[in-house]
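The structure appears right after this line, and notes come after that.
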Amino acid sequence: MTAATAAFRRVLALGGPMLPVLSFLGRLPTAMCQFGSLLLVAETSGSLATAGLVGGALAAGQTAGGPLLGRLADRHGQRPVVLAACWFDALAVTALVLAALARTGALPLALIALLAGAGVPQIGPLARTRLVALARRARADDRLVHTALSFEGTLDEVSFVLGPALVGLSATVAHPAVALALAALLLAVCGSAFALHPTAAAVRPTGAPSARAPVSSGPAPAPDGPRARRPAARAARARMPRAVHAMRASMVLQGALFGACQAGITALTADLHRPAQAGLVYAAMGVMSAVAGLSLALVPARIGLPARWRAAAVALIVLSVPLLFVRSLGALYLAVVVLGAAFAPHLITLFGLTERLVPAGRLAESMAFLTSAIVGGQALSLAVSGRLAEVHGPTAAFAVAVGAAVLILGLALTTRGTDRPAAALTPAAAAPAGSAR
């Protein structure tokens with residue numbers, strides 16, 4: 001048994017084998033809906049502009065709604081928030097399908113897509129938060145926590161490869177509406193199962209009263225009254241360290257890099273008269289990213305997260321520059337597959353740094369914020385880079401990707417304060433497993 005296999009077996013043991021299955025199937029609709037809505041609206045309306053408007057509204061809703069749902073999960077627990085969100089989102093996606101099939105106008109379609117994006121239940125970020133809580137309660141070391149984040153990052157990458165592939169397959173053999181109907185079903189069934197899984201109790205809501213707090217019918221004595229409640233209030237209102245904002249900006253830039261690559265790949269395959277290859281090229285990049293994410297479990301513990309951030313940023317620059325000189329389909333495949341090896345290490349490292357820095361009572365919000373930052377950066381970059389590629393060719397879009405990588409390195413080199421603060425973990429998060437509610 002290799003060291004990596006042993007590490008991932010320990011991760012699976014934290015929540016049981018069904019937890020990653022449910023979380024993967026529950027997050028798969030997120031990867032299906034963006035591409036699926038574009039194909040569906042393009043086919044039913046006959047307008048790429050309308051399809052782009054709907055796709056942009058979906059991304060905008062997810063960007064704005066993600067951190068809010070994460071904050072609600074921190075305050076009220078994952079179970080009620082995920083249950084409400086997954087059923088709301090399933091209904092919104094169903095409404096989008098019916099409205100598109102009925103050839104509803106562009107504005108109503110965009111409004112429904114906005115609601116569908118805002119209701120995305122954020123199962124990926126919440127699964128990360130849940131695994132971290134389980135690891136801390138089991139008094140696991142930082143290495144196991146980082147392995148858990150690598151595992152979750154790999155699930156994300158696989159979902160974003162498999163999701164569009166399922167959409168493309170359904171569009172080929174049936175209709176894009178079939179893929180979105182499947183996404184709604186997965187949201188309702190697997191999202192609910194994820195919410196109801198026993199591990200949801202591992203994350204204690206910050207809005208819940210402490211299990212040790214005595215119940216009193218009258219005013220509490222001064223030493224145990226307002227003064228005793230101040231630490232909990234301060235924890236709920238704890239400000240984010242400045243370094244966290246730099247990491248969020250780095251995630252926006254990572255999304256921008258994704259969007260620019262997507263625009264450049266689409267433009268180049270079209271110029272080569274092989275437009276159908278665009279999805280396969282992007283999927284190949286995702287597969288390599290997933291493999292790189294799994295391999296992070298083998299990185300020695302002595303290489304700290306700040307050093308990994310800088311190394312990943314350098315890799316993004318070095319491996320994205322060849323895209324500027326790609327002129328053939330074979331060279332494109334080679335360049336994007338190699339570049340994919342730098343994506344997951346950067347993403348997973350930022351999730352690890354965020355887990356280290358943020359107050360435990362705001363971890364779900366912070367994880368959701370990072371995911372939303374990627375979505376927002378990708379949507380904005382895709383719009384800008386797509387226009388540049390249309391006017392100046394695919395090299396212009398790839399230049400945006402290289403520029404985003406350079407800015408990521410600038411953030412990695414200039415950000416300070418990435419050591420774990422003394423109060424980063426609350427007693428609830430660090431408590432042994434036997435102290436669950």
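Letters A, B, ... go to the chains of the structure tokens in the order shown; residues in each chain start at 1; ligands are counted from 1 in the same order.
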Excluding same-chain residues fewer than 4 positions from A:Ala84, what lies within 10 Å of it counting only C-alpha atoms, as a PDB file with N, CA and C atoms, in the first residue's frame?
```
ATOM      1  N   ARG A  79     -27.530  20.991   7.438  1.00  0.00           N
ATOM      2  CA  ARG A  79     -28.692  20.177   7.082  1.00  0.00           C
ATOM      3  C   ARG A  79     -29.873  21.015   6.593  1.00  0.00           C
ATOM      4  N   PRO A  80     -30.385  21.986   7.358  1.00  0.00           N
ATOM      5  CA  PRO A  80     -31.547  22.730   6.862  1.00  0.00           C
ATOM      6  C   PRO A  80     -31.237  23.591   5.649  1.00  0.00           C
ATOM      7  N   PHE A  88     -35.003  24.042  -3.728  1.00  0.00           N
ATOM      8  CA  PHE A  88     -35.254  25.302  -4.440  1.00  0.00           C
ATOM      9  C   PHE A  88     -34.565  25.273  -5.801  1.00  0.00           C
ATOM     10  N   ASP A  89     -33.302  24.817  -5.810  1.00  0.00           N
ATOM     11  CA  ASP A  89     -32.553  24.814  -7.059  1.00  0.00           C
ATOM     12  C   ASP A  89     -33.115  23.800  -8.047  1.00  0.00           C
ATOM     13  N   GLY A 119     -29.449  29.638  -6.073  1.00  0.00           N
ATOM     14  CA  GLY A 119     -29.864  28.530  -5.228  1.00  0.00           C
ATOM     15  C   GLY A 119     -28.934  27.339  -5.237  1.00  0.00           C
ATOM     16  N   PRO A 121     -26.674  24.672  -4.118  1.00  0.00           N
ATOM     17  CA  PRO A 121     -26.520  24.355  -2.695  1.00  0.00           C
ATOM     18  C   PRO A 121     -25.093  24.304  -2.176  1.00  0.00           C
ATOM     19  N   ALA A 188     -32.327  17.099  -6.180  1.00  0.00           N
ATOM     20  CA  ALA A 188     -33.364  16.740  -5.214  1.00  0.00           C
ATOM     21  C   ALA A 188     -32.994  15.493  -4.415  1.00  0.00           C
ATOM     22  N   GLY A 191     -28.694  15.675  -3.321  1.00  0.00           N
ATOM     23  CA  GLY A 191     -28.509  16.821  -2.439  1.00  0.00           C
ATOM     24  C   GLY A 191     -29.189  16.605  -1.096  1.00  0.00           C
ATOM     25  N   SER A 192     -30.387  16.064  -1.117  1.00  0.00           N
ATOM     26  CA  SER A 192     -31.090  15.766   0.135  1.00  0.00           C
ATOM     27  C   SER A 192     -30.346  14.702   0.940  1.00  0.00           C
ATOM     28  N   ALA A 195     -27.449  16.259   2.640  1.00  0.00           N
ATOM     29  CA  ALA A 195     -27.884  17.062   3.791  1.00  0.00           C
ATOM     30  C   ALA A 195     -28.232  16.196   4.987  1.00  0.00           C
TER      31      ALA A 195
END
```
Point out the residue among A:Ala344, A:Val402, A:Val336, A:Leu388 with the least atom-to-atom distance to A:Val321, counting only C-alpha atoms.
A:Val402
Which residues are near A:Val203? Cut-off 7 Å, only C-alpha atoms, ignore same chain within fewer than 5 positions. Put them as a short mmCIF file (atom, residue, chain, number, x, y, z; two decimals) with all heavy atoms, in the first residue's frame.
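Writing the result to out.cif gives the following:
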```cif
data_model
loop_
_atom_site.label_atom_id
_atom_site.label_comp_id
_atom_site.auth_asym_id
_atom_site.auth_seq_id
_atom_site.Cartn_x
_atom_site.Cartn_y
_atom_site.Cartn_z
N GLY A 77 -26.36 25.57 10.50
CA GLY A 77 -26.07 24.18 10.24
C GLY A 77 -26.28 23.83 8.77
O GLY A 77 -27.08 24.45 8.07
N ARG A 130 -17.14 20.06 6.02
CA ARG A 130 -17.52 18.90 6.83
C ARG A 130 -16.33 17.98 7.07
O ARG A 130 -16.12 17.50 8.19
CB ARG A 130 -18.67 18.15 6.13
CG ARG A 130 -19.39 17.18 7.02
CD ARG A 130 -20.52 16.48 6.28
NE ARG A 130 -21.61 17.36 5.89
CZ ARG A 130 -22.77 16.93 5.39
NH1 ARG A 130 -22.97 15.63 5.23
NH2 ARG A 130 -23.71 17.79 5.04
N ALA A 133 -13.98 19.55 9.59
CA ALA A 133 -14.51 19.43 10.94
C ALA A 133 -14.33 18.00 11.48
O ALA A 133 -13.95 17.81 12.64
CB ALA A 133 -15.98 19.82 10.96
#
```
Could you pull the residues within 6 Å of A:Leu253, counting only C-alpha atoms, minus those fewer than 3 positions along the same chain, as a PDB file with C-alpha atoms, in the first residue's frame?
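For reference, selection-v7.pdb as written:
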```pdb
ATOM      1  CA  SER A 250      -6.161  34.801  -6.527  1.00  0.00           C
ATOM      2  CA  ALA A 256     -10.140  34.285 -15.273  1.00  0.00           C
ATOM      3  CA  ALA A 404      -3.846  36.234 -14.979  1.00  0.00           C
TER       4      ALA A 404
END
```
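Considering only C-alpha atoms, the residue among A:Arg103, A:Gly36, A:Val291, A:Ala118 positioned nearest to A:Leu169 is A:Gly36.
Here the question is which of A:Gly56, A:Gly286, A:Gly16, A:Gly255 gets nearest to A:Tyr333 using only C-alpha atoms, and that residue is A:Gly286.
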For A:Cys33, the nearest of the candidates A:Ile348, A:Val81, A:Leu182, A:Leu101, counting only C-alpha atoms
A:Leu182
As number ranges by chain, please: all residues of stretch 103-302 of chain A that backbone DSSP puts in alpha helix (DSSP H).
A: 106-118, 123-137, 142-173, 176-196, 226-236, 242-271, 277-295
Could you give me, as number ranges by chain, the residues within 12 Å of A:Val41, counting only C-alpha atoms and dropping anything in the same chain fewer than 5 positions from it?
A: 33-36, 46-55, 96-106, 109-110, 113, 175-177, 180
Give me the residues within 7 Å of A:Ala90 as a list in words, counting only C-alpha atoms and dropping any in the same chain fewer than 4 places off.
Cys86, Thr94, Ala184, Leu185, Leu187 and Ala188 of chain A
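Omitting A:Ala59 and its sequence neighbours fewer than 2 positions away, and counting only C-alpha atoms, the residues within 7 Å are Gly55, Gly56, Ala57, Gly61, Gln62, Thr63, Gly117, Val375, Gly376 and Ala379 of chain A.
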Go ahead and write the selection's residues with all heavy atoms as a short mmCIF file (atom, residue, chain, number, x, y, z; two decimals), in the first residue's frame.
```cif
data_model
loop_
_atom_site.label_atom_id
_atom_site.label_comp_id
_atom_site.auth_asym_id
_atom_site.auth_seq_id
_atom_site.Cartn_x
_atom_site.Cartn_y
_atom_site.Cartn_z
N GLY A 55 -26.63 32.15 -19.59
CA GLY A 55 -25.45 31.60 -18.93
C GLY A 55 -24.79 32.60 -18.00
O GLY A 55 -24.35 32.24 -16.90
N GLY A 56 -24.74 33.86 -18.42
CA GLY A 56 -24.18 34.90 -17.55
C GLY A 56 -25.01 35.13 -16.31
O GLY A 56 -24.47 35.34 -15.21
N ALA A 57 -26.34 35.09 -16.46
CA ALA A 57 -27.22 35.26 -15.30
C ALA A 57 -27.06 34.11 -14.32
O ALA A 57 -27.06 34.30 -13.10
CB ALA A 57 -28.68 35.35 -15.77
N GLY A 61 -25.77 34.65 -10.50
CA GLY A 61 -26.52 34.19 -9.33
C GLY A 61 -25.68 33.34 -8.42
O GLY A 61 -25.72 33.48 -7.19
N GLN A 62 -24.88 32.44 -9.00
CA GLN A 62 -24.03 31.58 -8.18
C GLN A 62 -22.94 32.39 -7.48
O GLN A 62 -22.61 32.13 -6.32
CB GLN A 62 -23.40 30.50 -9.05
CG GLN A 62 -22.63 29.46 -8.23
CD GLN A 62 -22.11 28.31 -9.08
OE1 GLN A 62 -22.50 28.17 -10.25
NE2 GLN A 62 -21.26 27.50 -8.52
N THR A 63 -22.38 33.37 -8.16
CA THR A 63 -21.34 34.19 -7.56
C THR A 63 -21.86 34.96 -6.35
O THR A 63 -21.20 35.05 -5.31
CB THR A 63 -20.77 35.18 -8.60
OG1 THR A 63 -20.28 34.44 -9.73
CG2 THR A 63 -19.66 36.01 -8.01
N GLY A 117 -28.99 29.97 -10.29
CA GLY A 117 -27.60 30.14 -9.86
C GLY A 117 -27.49 30.48 -8.39
O GLY A 117 -26.64 29.95 -7.67
N VAL A 375 -16.12 31.03 -10.19
CA VAL A 375 -17.23 31.13 -11.15
C VAL A 375 -17.33 32.55 -11.70
O VAL A 375 -17.46 32.75 -12.91
CB VAL A 375 -18.55 30.72 -10.46
CG1 VAL A 375 -19.74 30.98 -11.39
CG2 VAL A 375 -18.51 29.25 -10.06
N GLY A 376 -17.26 33.54 -10.82
CA GLY A 376 -17.35 34.92 -11.26
C GLY A 376 -16.21 35.32 -12.17
O GLY A 376 -16.41 35.97 -13.21
N ALA A 379 -16.65 33.62 -15.63
CA ALA A 379 -17.71 34.21 -16.45
C ALA A 379 -17.27 35.55 -17.05
O ALA A 379 -17.47 35.81 -18.24
CB ALA A 379 -18.97 34.39 -15.62
#
```
As a check of understanding: the span from atom CA of A:Arg308 to atom CA of A:Gly352 is 10.4 Å
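The residue that comes closest to A:Arg274, out of A:Pro20, A:Pro67, A:Gly330, A:Pro205 and on the basis of only C-alpha atoms, is A:Gly330.
Proximity to A:Met32 was assessed for A:Val252, A:Leu280, A:Ala179, A:Val337 counting only C-alpha atoms; the smallest distance is recorded for A:Ala179.
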To one decimal place in Å, what is the distance between atom CA of A:Ala292 and atom CA of A:Pro359?
28.6 Å
